[in-house]
Amino acid sequence: MAPKYKLIYFNAAGRAEHIRYILAFAGQDFEDSRISKEEWLSLKPKTPFGKIPVLEIDGKLVSQSNAIARYLAKQFGLLGHDEATALRADELVEALVDMRMVAVKKFREENPEAVVYLQKEENYFLDKFEKIVIESSSGFLAGSQITWADLTFASTLSSDPNSEKTLKSYPGLSAYVAKINSLPGIKEYLALRPKSDLPPKGSSRH
């Protein structure tokens with residue numbers, strides 16, 4: 001019998017969207033539980049490390065977003081067709097994590113000079129990613145087939161509130177994200193996805 005999955009997070013993309021993309025692309029039924037701040041306060045003591053997202057697998061809670069994503073990628077054959085490809089996919093996801101940390105700092109920063117500096121840091125990563133996408137013979141980030149890295153990149157880059165403005169400067173990434181978002185499973189998920197509740201600037205929801 002297939003496992004029963006319940007993903008618990010806020011009504012936002014945040015740290016859970018790549019997990020939703022993986023499940024949607026795999027055609028896996030799951031409960032997309034989007035909780036309120038009040039519900040989170042009640043749930044927090046019951047989570048493994050006091051953070052969300054958590055994935056409930058047949059009633060057991062597991063946490064840490066990339067651990068969850070990597071586990072699901074293994075279940076659905078999305079790690080990569082060999083170890084070198086899997087390593088490349090992991091490397092790129094971790095680089096994206098580094099860029100996302102910069103983007104979050106920029107989002108919360110009030111000092112204009114610091115924002116300019118952080119934007120340069122973010123652009124450094126985007127320039128690298130643009131080059132990788134343009135030079136890819138397969139159209140995917142790692143190897144000749146889609147991996148969880150592709151789903152993680154597309155979900156992250158397209159869920160940023162400023163993504164449309166940002167991606168205008170990166171035509172390769174823009175076309176790549178559009179391609180992934182048009183794939184079966186992802187396209188249907190995006191059509192039905194609830195409108196995200198974004199946290200106010202300067203706040204934290206974790």
# chains A, B, ... in the order shown; residues from 1 in each chain; ligands from 1
call {"tool": "residues_around", "arguments": {"residues": "Lys105 in chain A", "least_positions_apart": "2", "cutoff": "12 Å", "atoms": "only C-alpha atoms", "output": "ChimeraX atom specification"}}
result
/A:98-103,107-111,114-119,121-122,201-204
call {"tool": "write_last_selection", "arguments": {"atoms": "C-alpha atoms", "output": "PDB file, in the first residue's frame"}}
result
ATOM      1  CA  ASP A  98      22.709  30.053  -0.092  1.00  0.00           C
ATOM      2  CA  MET A  99      21.077  32.443  -2.556  1.00  0.00           C
ATOM      3  CA  ARG A 100      17.736  32.192  -0.789  1.00  0.00           C
ATOM      4  CA  MET A 101      19.369  33.160   2.520  1.00  0.00           C
ATOM      5  CA  VAL A 102      20.700  36.299   0.842  1.00  0.00           C
ATOM      6  CA  ALA A 103      17.272  37.044  -0.651  1.00  0.00           C
ATOM      7  CA  PHE A 107      13.710  41.262   2.022  1.00  0.00           C
ATOM      8  CA  ARG A 108      14.043  42.066   5.726  1.00  0.00           C
ATOM      9  CA  GLU A 109      16.747  44.729   5.397  1.00  0.00           C
ATOM     10  CA  GLU A 110      15.796  48.362   5.999  1.00  0.00           C
ATOM     11  CA  ASN A 111      19.164  49.970   5.214  1.00  0.00           C
ATOM     12  CA  ALA A 114      22.826  47.046   2.711  1.00  0.00           C
ATOM     13  CA  VAL A 115      20.052  46.205   0.231  1.00  0.00           C
ATOM     14  CA  VAL A 116      22.307  47.219  -2.664  1.00  0.00           C
ATOM     15  CA  TYR A 117      25.103  44.994  -1.350  1.00  0.00           C
ATOM     16  CA  LEU A 118      22.767  42.043  -0.842  1.00  0.00           C
ATOM     17  CA  GLN A 119      21.325  42.519  -4.331  1.00  0.00           C
ATOM     18  CA  GLU A 121      25.264  38.941  -3.811  1.00  0.00           C
ATOM     19  CA  GLU A 122      21.966  37.625  -5.121  1.00  0.00           C
ATOM     20  CA  LYS A 201       8.489  42.839   5.575  1.00  0.00           C
ATOM     21  CA  GLY A 202      10.787  42.462   8.557  1.00  0.00           C
ATOM     22  CA  SER A 203       8.830  39.593  10.134  1.00  0.00           C
ATOM     23  CA  SER A 204       9.598  35.916  10.629  1.00  0.00           C
TER      24      SER A 204
END
call {"tool": "closest_residue", "arguments": {"among": "A:Lys187, A:Lys106, A:Arg70, A:Lys168", "to": "Ala149 in chain A", "atoms": "only C-alpha atoms"}}
result
A:Arg70
call {"tool": "residues_around", "arguments": {"residues": "range 47-62 of chain A", "least_positions_apart": "4", "cutoff": "6 Å", "atoms": "only C-alpha atoms", "output": "PyMOL selection string"}}
result
chain A and resi 3-9+16
call {"tool": "closest_residue", "arguments": {"among": "A:Gly80, A:Arg15, A:Ala26, A:Asp160", "to": "Pro184 in chain A", "atoms": "only C-alpha atoms"}}
result
A:Ala26
call {"tool": "select_by_dssp", "arguments": {"residues": "range 34-165 of chain A", "states": "alpha helix (DSSP H)", "output": "PyMOL selection string"}}
result
chain A and resi 37-43+65-75+83-108+112-135+148-159+163-165
call {"tool": "closest_atom_pairs", "arguments": {"of": "range 55-163 of chain A", "to": "range 188-193 of chain A", "cutoff": "12 Å", "atoms": "only C-alpha atoms", "output": "tab-separated table"}}
result
residue	atom	partner	partner_atom	distance
A:Ala154	CA	A:Leu190	CA	11.8
A:Ser155	CA	A:Leu190	CA	10.1
A:Ser158	CA	A:Leu190	CA	10.8
A:Ser159	CA	A:Leu190	CA	10.7
call {"tool": "select_by_dssp", "arguments": {"residues": "chain A", "states": "strand (DSSP E)", "output": "PyMOL selection string"}}
result
chain A and resi 5-10+31-35+54-57+60-63
call {"tool": "atom_distance", "arguments": {"atom1": "CA of Phe76 in chain A", "atom2": "CA of Ala95 in chain A"}}
result
22.8 Å
call {"tool": "residues_around", "arguments": {"residues": "Tyr170 in chain A", "least_positions_apart": "5", "cutoff": "8 Å", "atoms": "only C-alpha atoms", "output": "list in words"}}
result
Leu126, Asp127 and Glu130 of chain A
call {"tool": "write_last_selection", "arguments": {"atoms": "N, CA and C atoms", "output": "PDB file, in the first residue's frame"}}
result
ATOM      1  N   LEU A 126      22.490  34.363  -9.380  1.00  0.00           N
ATOM      2  CA  LEU A 126      21.619  34.332 -10.549  1.00  0.00           C
ATOM      3  C   LEU A 126      22.421  34.287 -11.843  1.00  0.00           C
ATOM      4  N   ASP A 127      23.534  35.010 -11.884  1.00  0.00           N
ATOM      5  CA  ASP A 127      24.414  34.977 -13.060  1.00  0.00           C
ATOM      6  C   ASP A 127      24.946  33.556 -13.290  1.00  0.00           C
ATOM      7  N   GLU A 130      22.057  31.301 -14.469  1.00  0.00           N
ATOM      8  CA  GLU A 130      21.715  31.628 -15.857  1.00  0.00           C
ATOM      9  C   GLU A 130      22.682  30.931 -16.819  1.00  0.00           C
TER      10      GLU A 130
END
call {"tool": "atom_distance", "arguments": {"atom1": "CA of Gly185 in chain A", "atom2": "CA of Leu151 in chain A"}}
result
11.3 Å
call {"tool": "closest_residue", "arguments": {"among": "A:Ala67, A:Asp32, A:Ala73, A:Ala24", "to": "Pro194 in chain A", "atoms": "only C-alpha atoms"}}
result
A:Asp32
call {"tool": "closest_residue", "arguments": {"among": "A:Ala12, A:Ala89, A:Leu157, A:Val104", "to": "Ala142 in chain A", "atoms": "only C-alpha atoms"}}
result
A:Ala89
call {"tool": "atom_distance", "arguments": {"atom1": "CA of Phe125 in chain A", "atom2": "CA of Tyr21 in chain A"}}
result
22.2 Å
call {"tool": "closest_residue", "arguments": {"among": "A:Ser169, A:Thr147, A:Ser182, A:Thr152", "to": "Gly14 in chain A", "atoms": "only C-alpha atoms"}}
result
A:Thr152
